[in-house]
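Visitor: Quick one: the structure is below, questions incoming.
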Amino acid sequence: MTTLDESSIIEIFQSKLGSKKFVSEDVEILKFGKIKIVAKTDTLVESTDIPPKMKLSDAARKSIVACVSDFAAKGVNPQFGIISVNLPKTISRSKINEIIRGFRKACDEYGISILGGDTNEGKEIVFNVCIFGKTDRIVERKGSKRGDLIFVTGPFGYTSAGLNILLNHKNGNGSFVKKAIKSVIQPKPQLKFGLRNKNYFSSSMDSSDGLSTTLNEMSKQSKKKFVINNLPHKTDLEKYAESQKLDLGDLIFHGGEEYEFVFTVSPKNRKIIQKNAKIYKIPIIEIGFVTSGKGVYLKDGDDFFHLKDLGWKHFR
């Protein structure tokens, strides 16, 4: 029996339940007359999504943050939410209060009001969050044009290193270990930057499934070639990769969980994007450019290397 991967399962559901004209995006759009409602749902499961040392409050916060990250990439303000929780019958009051603190913290950070939800009993903790907002338009994954510049909202690789440290009990430089673990446990999507600059983005996408996945999906939908000539990382990641005998490219491109986003802009908008990034103290990084063709390629001197989609996928 062939094991189905995440993409195959989604395709089956979409063919039976969705529109044949469906185009994958980070969020869903519902139209009520002239009003466009934006919705996003995400699920966090204890056994697969809560690593060692992550508090339940951080896990609860992260379940909301996962949706906020997609809103940031689309340039939409999240406003309301519904939360469903699955809890073991032995859970204590103190743990319930810890979970609530995490939900409350995320809502206070991003201005979200919780409307209600559902509770159920099960063998493990599961959070399912759905966030809503309204907008006149979203920034789509497609739309990049030849000559556009490719940016990311921050450095990559820390979460890959952080998960390696947490799951495999790896050591390293103290300050680096702290930074890497924090990137996993307390991600911070750049919502304000996305809202302020959405009119300058030609395309944009959340990167939480891995930078290689995001770049390939945006390239595919725009029907353009993406050339990456600058790796978005810091030197401390290089030192960690070398000390642990890990591939630097794997950490940067294939890990996921960053909750940053990738966006493309016309060269004429580079200065205003950089100015706005300074205002919000967002460490945006220009990593490449868009040209004619298809696929994603790493440029090293005069050589080009095809960057495959090897990001995070469930059921693999």
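Each chain in the structure tokens gets a letter, A, B and so on, in the order shown; residues start at 1 in every chain, and ligands are counted from 1 in the order they appear.
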Residues near Thr291 in chain A, anyone? I mean within 6 Å using only C-alpha atoms, not counting same-chain ones fewer than 3 positions away, as a PyMOL selection string.
Guide: chain A and resi 146-147+225
Visitor: To test your reading of the structure, identify every residue in range 3-79 of chain A that backbone DSSP assigns to strand (DSSP E or B), and report it as a PyMOL selection string.
Guide: chain A and resi 28-32+35-45
Visitor: Can I get the selected residues back with N, CA and C atoms, as a short mmCIF file (atom, residue, chain, number, x, y, z; two decimals), in the first residue's frame?
Guide:
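Result written to again08.cif:
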```
data_model
loop_
_atom_site.label_atom_id
_atom_site.label_comp_id
_atom_site.auth_asym_id
_atom_site.auth_seq_id
_atom_site.Cartn_x
_atom_site.Cartn_y
_atom_site.Cartn_z
N GLU A 28 -8.01 31.65 3.31
CA GLU A 28 -9.21 31.49 2.48
C GLU A 28 -9.99 32.80 2.49
N ILE A 29 -10.67 33.09 1.38
CA ILE A 29 -11.43 34.33 1.25
C ILE A 29 -12.90 34.01 1.03
N LEU A 30 -13.77 34.64 1.85
CA LEU A 30 -15.21 34.50 1.70
C LEU A 30 -15.77 35.87 1.34
N LYS A 31 -16.60 35.94 0.30
CA LYS A 31 -17.16 37.22 -0.13
C LYS A 31 -18.62 37.33 0.31
N PHE A 32 -18.94 38.42 1.03
CA PHE A 32 -20.30 38.75 1.41
C PHE A 32 -20.61 40.12 0.82
N ILE A 35 -17.91 42.92 0.94
CA ILE A 35 -17.00 42.63 2.05
C ILE A 35 -16.29 41.31 1.82
N LYS A 36 -14.98 41.32 1.98
CA LYS A 36 -14.18 40.10 1.86
C LYS A 36 -13.69 39.69 3.25
N ILE A 37 -14.13 38.50 3.67
CA ILE A 37 -13.70 37.95 4.95
C ILE A 37 -12.54 36.99 4.69
N VAL A 38 -11.48 37.15 5.46
CA VAL A 38 -10.31 36.29 5.34
C VAL A 38 -10.29 35.34 6.54
N ALA A 39 -10.07 34.06 6.28
CA ALA A 39 -10.05 33.06 7.35
C ALA A 39 -8.82 32.17 7.22
N LYS A 40 -8.31 31.74 8.36
CA LYS A 40 -7.19 30.83 8.40
C LYS A 40 -7.35 29.88 9.57
N THR A 41 -7.15 28.58 9.35
CA THR A 41 -7.21 27.61 10.42
C THR A 41 -5.90 26.85 10.51
N ASP A 42 -5.53 26.47 11.72
CA ASP A 42 -4.30 25.72 11.93
C ASP A 42 -4.47 24.82 13.15
N THR A 43 -3.78 23.68 13.13
CA THR A 43 -3.90 22.70 14.20
C THR A 43 -2.54 22.40 14.81
N LEU A 44 -2.49 22.35 16.13
CA LEU A 44 -1.27 22.00 16.85
C LEU A 44 -1.54 20.76 17.68
N VAL A 45 -0.74 19.71 17.46
CA VAL A 45 -0.93 18.42 18.12
C VAL A 45 0.23 18.14 19.07
#
```
Visitor: Record the distance separating CA of Ile181 in chain A and CA of Ala59 in chain A, expressed in Å with one decimal.
Guide: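 Distance reported for this atom pair: 13.3 Å.
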Visitor: Can you measure CA of Tyr259 in chain A to CA of Ile112 in chain A for me? One decimal in Å is fine.
Guide: 18.0 Å
Visitor: Quick one: of A:Glu11, A:Asp108, A:Asp49, A:Glu140, who's nearest to Ile125 in chain A, counting only C-alpha atoms?
Guide: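 When distances to Ile125 in chain A are compared using only C-alpha atoms, the smallest one comes from A:Asp49.
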Visitor: Identify, on the basis of only C-alpha atoms, every residue whose closest approach to range 186-188 of chain A does not exceed 12 Å; exclude the query and any residue fewer than 4 positions from it along the same chain; express the result as a short mmCIF file (atom, residue, chain, number, x, y, z; two decimals) with C-alpha atoms, in the first residue's frame.
Guide:
```
data_model
loop_
_atom_site.label_atom_id
_atom_site.label_comp_id
_atom_site.auth_asym_id
_atom_site.auth_seq_id
_atom_site.Cartn_x
_atom_site.Cartn_y
_atom_site.Cartn_z
CA LYS A 53 10.94 22.20 27.08
CA MET A 54 8.00 23.95 25.42
CA LYS A 55 5.48 25.13 28.00
CA LEU A 56 1.76 24.67 27.35
CA SER A 57 1.40 28.46 27.43
CA ASP A 58 3.96 28.76 24.61
CA ALA A 59 2.24 25.99 22.65
CA ALA A 60 -1.14 27.70 23.00
CA ARG A 61 0.33 31.03 21.94
CA LYS A 62 2.06 29.40 18.97
CA SER A 63 -1.21 27.85 17.75
CA ILE A 64 -2.59 31.36 17.27
CA VAL A 65 0.70 32.77 15.99
CA ALA A 66 0.71 30.16 13.21
CA CYS A 67 -2.43 31.76 11.80
CA VAL A 68 -1.19 35.31 12.38
CA SER A 69 1.90 34.52 10.32
CA ASP A 70 -0.26 33.83 7.27
CA ALA A 72 1.09 38.95 7.98
CA GLY A 102 -0.88 31.41 26.19
CA LYS A 105 -0.90 36.49 25.37
CA ALA A 106 -1.19 35.94 21.61
CA GLU A 109 -0.05 40.85 21.10
CA TYR A 110 -2.03 40.90 17.87
CA THR A 153 11.61 39.26 6.80
CA GLY A 154 14.45 37.76 8.80
CA TYR A 158 17.64 29.12 13.80
CA THR A 159 14.48 27.03 14.13
CA GLY A 162 16.61 24.82 17.74
CA LYS A 178 19.20 30.16 23.76
CA LYS A 179 18.46 32.09 20.55
CA ALA A 180 17.72 28.92 18.55
CA ILE A 181 15.37 27.45 21.17
CA LYS A 182 13.56 30.78 21.56
CA LYS A 192 2.95 45.29 11.32
CA PHE A 193 5.51 45.14 8.52
CA SER A 208 6.59 28.12 8.01
CA GLY A 256 10.54 25.29 8.46
CA GLU A 257 8.84 26.74 11.55
CA GLU A 258 10.35 30.20 11.00
CA TYR A 259 7.02 32.07 10.68
CA GLU A 260 8.76 34.70 8.59
CA PHE A 261 7.51 35.48 5.10
CA ILE A 282 12.63 44.31 11.03
#
```
Visitor: DSSP on the backbone, helix (DSSP H, G or I) only: what residues of range 34-162 of chain A does that give? Format it as a CSV table (one decimal) with N, CA, C and O atoms, in the first residue's frame.
Guide:
```
chain,number,residue,atom,x,y,z
A,46,GLU,N,-0.1,17.7,20.3
A,46,GLU,CA,0.9,17.6,21.3
A,46,GLU,C,2.1,16.6,20.9
A,46,GLU,O,3.2,17.0,21.1
A,47,SER,N,1.7,15.5,20.3
A,47,SER,CA,2.8,14.5,20.1
A,47,SER,C,3.7,14.9,18.9
A,47,SER,O,4.8,14.4,18.8
A,48,THR,N,3.2,15.7,18.0
A,48,THR,CA,4.1,16.1,16.8
A,48,THR,C,4.5,17.5,16.8
A,48,THR,O,5.5,17.9,16.1
A,49,ASP,N,3.9,18.4,17.6
A,49,ASP,CA,4.1,19.8,17.5
A,49,ASP,C,4.6,20.5,18.8
A,49,ASP,O,4.9,21.7,18.8
A,56,LEU,N,3.1,24.7,28.0
A,56,LEU,CA,1.8,24.7,27.4
A,56,LEU,C,1.3,26.1,27.0
A,56,LEU,O,0.6,26.3,26.0
A,57,SER,N,1.7,27.1,27.8
A,57,SER,CA,1.4,28.5,27.4
A,57,SER,C,2.0,28.9,26.1
A,57,SER,O,1.4,29.6,25.3
A,58,ASP,N,3.3,28.5,25.9
A,58,ASP,CA,4.0,28.8,24.6
A,58,ASP,C,3.3,28.0,23.4
A,58,ASP,O,3.2,28.6,22.3
A,59,ALA,N,2.9,26.8,23.7
A,59,ALA,CA,2.2,26.0,22.7
A,59,ALA,C,0.9,26.6,22.3
A,59,ALA,O,0.6,26.7,21.1
A,60,ALA,N,0.1,27.1,23.3
A,60,ALA,CA,-1.1,27.7,23.0
A,60,ALA,C,-1.0,29.0,22.2
A,60,ALA,O,-1.7,29.3,21.3
A,61,ARG,N,0.0,29.8,22.7
A,61,ARG,CA,0.3,31.0,21.9
A,61,ARG,C,0.7,30.7,20.5
A,61,ARG,O,0.3,31.4,19.6
A,62,LYS,N,1.6,29.7,20.3
A,62,LYS,CA,2.1,29.4,19.0
A,62,LYS,C,0.9,28.9,18.0
A,62,LYS,O,1.0,29.2,16.8
A,63,SER,N,-0.1,28.3,18.6
A,63,SER,CA,-1.2,27.8,17.8
A,63,SER,C,-2.0,29.0,17.1
A,63,SER,O,-2.5,28.9,16.0
A,64,ILE,N,-2.0,30.1,17.8
A,64,ILE,CA,-2.6,31.4,17.3
A,64,ILE,C,-1.6,32.1,16.4
A,64,ILE,O,-2.0,32.5,15.3
A,65,VAL,N,-0.3,32.1,16.8
A,65,VAL,CA,0.7,32.8,16.0
A,65,VAL,C,0.8,32.1,14.6
A,65,VAL,O,1.1,32.8,13.6
A,66,ALA,N,0.6,30.8,14.5
A,66,ALA,CA,0.7,30.2,13.2
A,66,ALA,C,-0.3,30.7,12.2
A,66,ALA,O,0.0,30.9,11.0
A,67,CYS,N,-1.4,31.1,12.7
A,67,CYS,CA,-2.4,31.8,11.8
A,67,CYS,C,-2.1,33.2,11.5
A,67,CYS,O,-2.2,33.7,10.4
A,68,VAL,N,-1.6,33.9,12.5
A,68,VAL,CA,-1.2,35.3,12.4
A,68,VAL,C,-0.1,35.4,11.3
A,68,VAL,O,-0.1,36.4,10.6
A,69,SER,N,0.8,34.5,11.3
A,69,SER,CA,1.9,34.5,10.3
A,69,SER,C,1.4,34.6,8.9
A,69,SER,O,1.9,35.3,8.0
A,70,ASP,N,0.3,33.8,8.6
A,70,ASP,CA,-0.3,33.8,7.3
A,70,ASP,C,-1.0,35.2,7.0
A,70,ASP,O,-0.9,35.7,5.9
A,71,PHE,N,-1.6,35.7,8.0
A,71,PHE,CA,-2.2,37.1,7.8
A,71,PHE,C,-1.1,38.1,7.6
A,71,PHE,O,-1.3,39.0,6.7
A,72,ALA,N,0.0,38.0,8.2
A,72,ALA,CA,1.1,38.9,8.0
A,72,ALA,C,1.6,38.9,6.5
A,72,ALA,O,1.8,39.9,5.9
A,73,ALA,N,1.7,37.7,6.0
A,73,ALA,CA,2.2,37.5,4.6
A,73,ALA,C,1.2,38.1,3.6
A,73,ALA,O,1.5,38.5,2.5
A,74,LYS,N,-0.1,38.0,4.0
A,74,LYS,CA,-1.2,38.5,3.1
A,74,LYS,C,-1.5,40.0,3.2
A,74,LYS,O,-2.3,40.5,2.5
A,93,ARG,N,-6.3,21.7,36.6
A,93,ARG,CA,-6.8,23.1,36.5
A,93,ARG,C,-5.6,24.0,36.2
A,93,ARG,O,-5.7,25.0,35.4
A,94,SER,N,-4.4,23.7,36.8
A,94,SER,CA,-3.3,24.6,36.6
A,94,SER,C,-2.8,24.6,35.1
A,94,SER,O,-2.4,25.6,34.6
A,95,LYS,N,-2.9,23.4,34.5
A,95,LYS,CA,-2.5,23.3,33.1
A,95,LYS,C,-3.6,24.0,32.2
A,95,LYS,O,-3.2,24.6,31.2
A,96,ILE,N,-4.8,23.9,32.6
A,96,ILE,CA,-5.9,24.7,31.8
A,96,ILE,C,-5.6,26.2,31.9
A,96,ILE,O,-5.6,26.9,30.9
A,97,ASN,N,-5.2,26.7,33.1
A,97,ASN,CA,-4.9,28.1,33.2
A,97,ASN,C,-3.7,28.5,32.4
A,97,ASN,O,-3.6,29.6,31.9
A,98,GLU,N,-2.7,27.6,32.4
A,98,GLU,CA,-1.5,27.8,31.6
A,98,GLU,C,-1.8,28.0,30.1
A,98,GLU,O,-1.3,28.9,29.4
A,99,ILE,N,-2.7,27.1,29.6
A,99,ILE,CA,-3.1,27.1,28.2
A,99,ILE,C,-3.8,28.5,27.9
A,99,ILE,O,-3.5,29.1,26.9
A,100,ILE,N,-4.7,28.8,28.8
A,100,ILE,CA,-5.5,30.1,28.6
A,100,ILE,C,-4.5,31.3,28.6
A,100,ILE,O,-4.7,32.2,27.8
A,101,ARG,N,-3.5,31.3,29.5
A,101,ARG,CA,-2.5,32.4,29.5
A,101,ARG,C,-1.8,32.5,28.1
A,101,ARG,O,-1.6,33.6,27.7
A,102,GLY,N,-1.5,31.4,27.5
A,102,GLY,CA,-0.9,31.4,26.2
A,102,GLY,C,-1.8,32.0,25.1
A,102,GLY,O,-1.4,32.8,24.3
A,103,PHE,N,-3.0,31.6,25.1
A,103,PHE,CA,-4.0,32.1,24.2
A,103,PHE,C,-4.2,33.6,24.4
A,103,PHE,O,-4.2,34.4,23.4
A,104,ARG,N,-4.3,34.0,25.7
A,104,ARG,CA,-4.5,35.4,26.0
A,104,ARG,C,-3.3,36.3,25.6
A,104,ARG,O,-3.5,37.4,25.0
A,105,LYS,N,-2.1,35.7,25.8
A,105,LYS,CA,-0.9,36.5,25.4
A,105,LYS,C,-0.9,36.8,23.9
A,105,LYS,O,-0.6,37.9,23.5
A,106,ALA,N,-1.2,35.8,23.1
A,106,ALA,CA,-1.2,35.9,21.6
A,106,ALA,C,-2.3,36.9,21.2
A,106,ALA,O,-2.0,37.8,20.3
A,107,CYS,N,-3.4,36.8,21.8
A,107,CYS,CA,-4.5,37.7,21.5
A,107,CYS,C,-4.2,39.2,21.8
A,107,CYS,O,-4.5,40.1,21.1
A,108,ASP,N,-3.5,39.4,23.0
A,108,ASP,CA,-3.1,40.7,23.4
A,108,ASP,C,-2.1,41.3,22.4
A,108,ASP,O,-2.1,42.5,22.1
A,109,GLU,N,-1.1,40.4,22.0
A,109,GLU,CA,-0.1,40.9,21.1
A,109,GLU,C,-0.6,41.3,19.8
A,109,GLU,O,-0.1,42.3,19.2
A,110,TYR,N,-1.6,40.6,19.2
A,110,TYR,CA,-2.0,40.9,17.9
A,110,TYR,C,-3.5,41.4,17.8
A,110,TYR,O,-4.0,41.5,16.7
A,158,TYR,N,17.6,29.2,12.3
A,158,TYR,CA,17.6,29.1,13.8
A,158,TYR,C,16.6,28.1,14.3
A,158,TYR,O,16.9,27.3,15.2
A,159,THR,N,15.5,28.0,13.7
A,159,THR,CA,14.5,27.0,14.1
A,159,THR,C,14.9,25.6,13.8
A,159,THR,O,14.7,24.7,14.6
A,160,SER,N,15.6,25.4,12.7
A,160,SER,CA,16.1,24.1,12.4
A,160,SER,C,17.1,23.6,13.4
A,160,SER,O,17.1,22.5,13.9
A,161,ALA,N,18.0,24.6,13.8
A,161,ALA,CA,19.0,24.3,14.8
A,161,ALA,C,18.3,24.1,16.2
A,161,ALA,O,18.7,23.2,16.9
A,162,GLY,N,17.3,24.9,16.5
A,162,GLY,CA,16.6,24.8,17.7
A,162,GLY,C,15.9,23.5,17.9
A,162,GLY,O,16.0,22.9,19.0
```
Visitor: Within 10 Å of Asp300 in chain A, counting only C-alpha atoms, which residues qualify if same-chain residues fewer than 2 places away don't, as a PyMOL selection string?
Guide: chain A and resi 228-230+297-298+302-305
Visitor: Residues near Phe253 in chain A, anyone? I mean within 8 Å using only C-alpha atoms, not counting same-chain ones fewer than 3 positions away, as a list in words.
Guide: Phe156, Gly157, Gly210, Leu211, Ser212, Gly249, Asp250, Gly256, Leu310 and Gly311 of chain A
Visitor: Go ahead and write the residues just picked, all heavy atoms, as an mmCIF file, in the first residue's frame.
Guide:
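Result file is out.cif:
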```cif
data_model
loop_
_atom_site.group_PDB
_atom_site.id
_atom_site.type_symbol
_atom_site.label_atom_id
_atom_site.label_comp_id
_atom_site.auth_asym_id
_atom_site.auth_seq_id
_atom_site.Cartn_x
_atom_site.Cartn_y
_atom_site.Cartn_z
ATOM 1 N N PHE A 156 17.166 32.896 8.475
ATOM 2 C CA PHE A 156 16.631 31.533 8.530
ATOM 3 C C PHE A 156 17.659 30.584 9.140
ATOM 4 O O PHE A 156 18.851 30.871 9.172
ATOM 5 C CB PHE A 156 16.256 31.060 7.124
ATOM 6 C CG PHE A 156 14.918 31.570 6.663
ATOM 7 C CD1 PHE A 156 14.739 32.910 6.357
ATOM 8 C CD2 PHE A 156 13.838 30.709 6.545
ATOM 9 C CE1 PHE A 156 13.514 33.384 5.941
ATOM 10 C CE2 PHE A 156 12.606 31.180 6.136
ATOM 11 C CZ PHE A 156 12.441 32.523 5.831
ATOM 12 N N GLY A 157 17.182 29.450 9.612
ATOM 13 C CA GLY A 157 18.044 28.393 10.105
ATOM 14 C C GLY A 157 18.034 28.200 11.604
ATOM 15 O O GLY A 157 18.366 27.119 12.099
ATOM 16 N N GLY A 210 9.021 25.832 5.365
ATOM 17 C CA GLY A 210 10.391 25.754 4.864
ATOM 18 C C GLY A 210 10.612 26.732 3.730
ATOM 19 O O GLY A 210 9.743 26.911 2.863
ATOM 20 N N LEU A 211 11.782 27.357 3.711
ATOM 21 C CA LEU A 211 12.077 28.363 2.694
ATOM 22 C C LEU A 211 12.101 27.764 1.295
ATOM 23 O O LEU A 211 11.640 28.396 0.332
ATOM 24 C CB LEU A 211 13.418 29.033 3.011
ATOM 25 C CG LEU A 211 13.857 30.186 2.119
ATOM 26 C CD1 LEU A 211 12.787 31.259 2.031
ATOM 27 C CD2 LEU A 211 15.184 30.774 2.618
ATOM 28 N N SER A 212 12.603 26.547 1.144
ATOM 29 C CA SER A 212 12.627 25.932 -0.190
ATOM 30 C C SER A 212 11.214 25.685 -0.703
ATOM 31 O O SER A 212 10.925 25.864 -1.890
ATOM 32 C CB SER A 212 13.422 24.623 -0.177
ATOM 33 O OG SER A 212 12.786 23.625 0.604
ATOM 34 N N GLY A 249 22.942 24.532 4.211
ATOM 35 C CA GLY A 249 21.814 24.722 3.304
ATOM 36 C C GLY A 249 20.546 24.059 3.798
ATOM 37 O O GLY A 249 19.447 24.607 3.666
ATOM 38 N N ASP A 250 20.679 22.870 4.382
ATOM 39 C CA ASP A 250 19.513 22.181 4.929
ATOM 40 C C ASP A 250 18.878 22.992 6.053
ATOM 41 O O ASP A 250 17.651 23.107 6.146
ATOM 42 C CB ASP A 250 19.903 20.797 5.455
ATOM 43 C CG ASP A 250 20.168 19.799 4.342
ATOM 44 O OD1 ASP A 250 19.786 20.077 3.179
ATOM 45 O OD2 ASP A 250 20.750 18.741 4.638
ATOM 46 N N GLY A 256 11.877 24.829 8.152
ATOM 47 C CA GLY A 256 10.537 25.292 8.457
ATOM 48 C C GLY A 256 10.414 25.842 9.858
ATOM 49 O O GLY A 256 11.395 25.956 10.603
ATOM 50 N N LEU A 310 12.227 20.723 -0.472
ATOM 51 C CA LEU A 310 12.469 19.688 0.530
ATOM 52 C C LEU A 310 12.073 20.163 1.922
ATOM 53 O O LEU A 310 12.627 19.737 2.932
ATOM 54 C CB LEU A 310 13.949 19.280 0.522
ATOM 55 C CG LEU A 310 14.471 18.657 -0.783
ATOM 56 C CD1 LEU A 310 15.960 18.390 -0.678
ATOM 57 C CD2 LEU A 310 13.715 17.377 -1.112
ATOM 58 N N GLY A 311 11.078 21.076 1.958
ATOM 59 C CA GLY A 311 10.613 21.603 3.234
ATOM 60 C C GLY A 311 9.755 20.602 3.990
ATOM 61 O O GLY A 311 9.632 19.432 3.609
#
```
